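Colleague: Could you have a look at this structure, given as structure tokens, before my questions?
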Number of protein chains: 2
Amino acid sequence: MFKRYFPFWDKLSENEKKQMIHETRTVKYEKGLQMLHCESGCNGILIVKSGQMRTYISSEEGREITLFRVFENDVCVLSASGLMDAITFDVMIDAVEDTEVLIIPVSVCEVIMKKHPEFEAYLYRTATERFSDVLWIMQQILFLSVDRRIAQFLWDECIRNSSMTVKLTHDEIARYIGSAREVVTKVLKYFQDENILTLSRGKITIIDKEKLKSCI
Amino acid sequence: MFKRYFPFWDKLSENEKKQMIHETRTVKYEKGLQMLHCESGCNGILIVKSGQMRTYISSEEGREITLFRVFENDVCVLSASGLMDAITFDVMIDAVEDTEVLIIPVSVCEVIMKKHPEFEAYLYRTATERFSDVLWIMQQILFLSVDRRIAQFLWDECIRNSSMTVKLTHDEIARYIGSAREVVTKVLKYFQDENILTLSRGKITIIDKEKLKSCI
């Protein structure tokens, strides 16, 4: 099973493989729970079995910016930042839905990683991949106007879910794109007036996909 | 010489070491030159021998945000993004001063890296380190007010240069902190009125370091 996720798997000894499998535990997190700092904190490499997680940074005043989301069958290594001393900041991780994850604890990874530079390369490569995405998001936030960001976000959601309906509140969208709820509401109403979409409670329905795309 | 910079150096064969040394070339870039896209483009791992480089992203309208600077004896791996397919965006690199660098071309690294996962781990670890810094900067831009960012920047410059004088124009500071020149000028004038610093052409002199620190 792990072979699918970890390119370095075949380099491990049988004993090391057994150890990793043996120490891995399954944990369920309720929707909305802060996964890193709760009682059953997820200190290790995560594989999402079902549900969805969100990593974000937050300001002292509680403003949040979503860095990336982790979906079913995705691996998250930032929760194992204890393994990577090159990571010098704190991200937060929330369960966006009820989420079940496999956790491979830092402790067992630490020992095996010391013997296998491929393991270390994998961790940092995966972190770099995520940071690449983060930089793209930051670039959007800093350089793109908010209406283009919202159009881009709705477009991505439609494609990801193969659906013309986005089931998110204005507040949730604001958190994802790093803006304020009021601003999101204003832009969405403008899109509605332009016959790009219709708004109803907790739901946005795209009615003109091409027009939405032209707003990006 | 390379041993000092590359933790994986001892893992290489004598032949590989010779190859890397042999292919390395010294290139000088004039102040202000775009190092990546000029004629003697720096496509490889860079070691700064003298001078200073700046990596940044820029918007379509030409707005720039400095990601980090690379000083004497620092290594820059982002210029070798051809070696790391996990990096999926473009950064720009400028020579801030007349700058002399050693370039270890991507071509020679590519071959050696394939045999040594330690080399790959080093590259991605170094990239992650930089991205960690970048994320911190982004957090500042997004969450901190501009006056705190300017105070922080001046403070860092004083410490780095062990000097109370910062020899930069308002425009340069604006580029470093990702703001507009007008805003920087306004804040600096405010700091001058508060007797924190004095302004003269191309030069800022801190007169009350403690007060500056209290603005961060």
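Residue numbering restarts at 1 for every chain of the structure tokens, chains are lettered A, B, ... in their displayed order, and ligands are numbered from 1 as they appear.
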Hey, list the chain B side of the contact with chain A: 9 Å cut-off, only C-alpha atoms, answer as a ChimeraX atom specification.
Modeller: /B:57-61,63,65,84-89,116-136,138-139,141-144
Colleague: List the spatial neighbours of Val48 (chain A) as a short mmCIF file (atom, residue, chain, number, x, y, z; two decimals) with N, CA and C atoms, in the first residue's frame - criterion: any atom at most 6 Å away, only C-alpha atoms, same-chain residues fewer than 4 positions off excluded.
Modeller:
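So result26.cif came out as:
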data_model
loop_
_atom_site.label_atom_id
_atom_site.label_comp_id
_atom_site.auth_asym_id
_atom_site.auth_seq_id
_atom_site.Cartn_x
_atom_site.Cartn_y
_atom_site.Cartn_z
N GLU A 72 -8.50 13.40 -0.69
CA GLU A 72 -8.42 11.94 -0.57
C GLU A 72 -7.19 11.41 -1.32
N ASN A 73 -6.46 10.52 -0.69
CA ASN A 73 -5.28 9.87 -1.27
C ASN A 73 -4.07 10.78 -1.44
N ASP A 74 -4.19 12.03 -0.98
CA ASP A 74 -3.03 12.92 -1.00
C ASP A 74 -2.18 12.69 0.25
N VAL A 101 -7.46 9.95 8.49
CA VAL A 101 -6.09 9.96 7.97
C VAL A 101 -5.27 8.82 8.56
#
Colleague: Would you list the contacts of Leu33 (chain B) as a ChimeraX atom specification, taking every protein, DNA or RNA residue within 9 Å and counting only C-alpha atoms, but skipping same-chain residues closer than 5 positions in sequence?
Modeller: /B:38,93-96,98
Colleague: As an exercise, work out the distance from CA of His22 (chain A) to CA of Ile104 (chain A) in Å and give it to one decimal place.
Modeller: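 For CA of His22 (chain A) relative to CA of Ile104 (chain A), the distance reads 9.3 Å.
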Colleague: Using DSSP secondary structure from the backbone, list all strand (DSSP E) positions within region 46-168 of chain B, as a VMD selection string.
Modeller: chain B and resid 46 to 50 53 to 58 64 to 70 75 to 76 92 to 95 99 to 105 165 to 166
Colleague: Keeping N, CA and C atoms for every residue in the selection just given, could you write it to a file as a tab-separated table (two decimals), in the first residue's frame?
Modeller:
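result.tsv written:
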chain	number	residue	atom	x	y	z
B	46	LEU	N	24.40	28.48	-8.03
B	46	LEU	CA	25.27	29.66	-7.93
B	46	LEU	C	25.91	29.77	-6.56
B	47	ILE	N	27.17	30.17	-6.56
B	47	ILE	CA	27.83	30.57	-5.31
B	47	ILE	C	28.29	32.00	-5.50
B	48	VAL	N	27.82	32.90	-4.66
B	48	VAL	CA	28.18	34.31	-4.80
B	48	VAL	C	29.58	34.54	-4.22
B	49	LYS	N	30.51	34.99	-5.08
B	49	LYS	CA	31.88	35.27	-4.61
B	49	LYS	C	31.97	36.69	-4.08
B	50	SER	N	31.32	37.63	-4.76
B	50	SER	CA	31.27	39.01	-4.26
B	50	SER	C	30.02	39.65	-4.83
B	53	MET	N	22.83	39.36	-4.93
B	53	MET	CA	21.75	39.11	-5.88
B	53	MET	C	20.41	39.25	-5.18
B	54	ARG	N	19.38	39.41	-5.99
B	54	ARG	CA	18.04	39.52	-5.46
B	54	ARG	C	17.13	38.63	-6.30
B	55	THR	N	16.32	37.79	-5.64
B	55	THR	CA	15.33	37.02	-6.39
B	55	THR	C	13.98	37.67	-6.14
B	56	TYR	N	13.14	37.70	-7.15
B	56	TYR	CA	11.85	38.37	-6.99
B	56	TYR	C	10.83	37.80	-7.97
B	57	ILE	N	9.57	38.07	-7.69
B	57	ILE	CA	8.52	37.77	-8.64
B	57	ILE	C	7.97	39.11	-9.13
B	58	SER	N	7.39	39.10	-10.30
B	58	SER	CA	6.85	40.37	-10.80
B	58	SER	C	5.51	40.15	-11.47
B	64	GLU	N	6.88	44.50	-8.42
B	64	GLU	CA	7.84	43.47	-8.00
B	64	GLU	C	7.76	43.21	-6.50
B	65	ILE	N	8.00	41.96	-6.14
B	65	ILE	CA	8.15	41.62	-4.73
B	65	ILE	C	9.43	40.82	-4.56
B	66	THR	N	10.33	41.33	-3.73
B	66	THR	CA	11.58	40.64	-3.48
B	66	THR	C	11.32	39.42	-2.60
B	67	LEU	N	11.80	38.26	-3.02
B	67	LEU	CA	11.63	37.05	-2.23
B	67	LEU	C	12.76	36.91	-1.21
B	68	PHE	N	13.99	36.98	-1.71
B	68	PHE	CA	15.12	36.98	-0.78
B	68	PHE	C	16.36	37.50	-1.51
B	69	ARG	N	17.36	37.88	-0.71
B	69	ARG	CA	18.61	38.31	-1.30
B	69	ARG	C	19.68	37.27	-1.02
B	70	VAL	N	20.67	37.21	-1.87
B	70	VAL	CA	21.74	36.22	-1.73
B	70	VAL	C	23.05	37.00	-1.61
B	75	VAL	N	24.81	30.25	-1.27
B	75	VAL	CA	24.50	29.41	-2.43
B	75	VAL	C	23.06	29.68	-2.85
B	76	CYS	N	22.82	29.74	-4.14
B	76	CYS	CA	21.45	29.88	-4.65
B	76	CYS	C	21.15	28.68	-5.54
B	92	MET	N	12.69	35.65	-10.83
B	92	MET	CA	13.66	36.46	-11.55
B	92	MET	C	14.84	36.67	-10.62
B	93	ILE	N	16.02	36.86	-11.20
B	93	ILE	CA	17.21	37.12	-10.39
B	93	ILE	C	17.95	38.32	-10.97
B	94	ASP	N	18.22	39.31	-10.12
B	94	ASP	CA	18.96	40.50	-10.53
B	94	ASP	C	20.27	40.60	-9.75
B	95	ALA	N	21.27	41.20	-10.37
B	95	ALA	CA	22.46	41.59	-9.62
B	95	ALA	C	22.18	42.94	-8.95
B	99	THR	N	28.37	41.83	-9.37
B	99	THR	CA	28.36	40.54	-8.66
B	99	THR	C	29.17	39.50	-9.43
B	100	GLU	N	30.02	38.79	-8.68
B	100	GLU	CA	30.77	37.69	-9.30
B	100	GLU	C	30.28	36.38	-8.72
B	101	VAL	N	29.92	35.46	-9.60
B	101	VAL	CA	29.40	34.17	-9.12
B	101	VAL	C	30.14	33.01	-9.76
B	102	LEU	N	30.18	31.91	-9.03
B	102	LEU	CA	30.55	30.62	-9.61
B	102	LEU	C	29.27	29.94	-10.05
B	103	ILE	N	29.26	29.44	-11.27
B	103	ILE	CA	28.09	28.72	-11.76
B	103	ILE	C	28.46	27.27	-12.00
B	104	ILE	N	27.73	26.37	-11.34
B	104	ILE	CA	27.89	24.94	-11.60
B	104	ILE	C	26.71	24.55	-12.48
B	105	PRO	N	26.97	24.30	-13.76
B	105	PRO	CA	25.88	24.16	-14.72
B	105	PRO	C	24.95	22.99	-14.40
B	165	THR	N	23.39	53.49	9.35
B	165	THR	CA	23.03	54.14	8.10
B	165	THR	C	22.56	53.10	7.07
B	166	VAL	N	21.43	53.38	6.45
B	166	VAL	CA	20.93	52.50	5.40
B	166	VAL	C	21.02	53.25	4.08
Colleague: I'd like to know which of B:Ile173, B:Cys109, B:Ala80, B:Val91 is closest to Gln19 (chain B), using only C-alpha atoms.
Modeller: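 Comparing B:Ile173, B:Cys109, B:Ala80, B:Val91 against Gln19 (chain B), the winner is B:Cys109.
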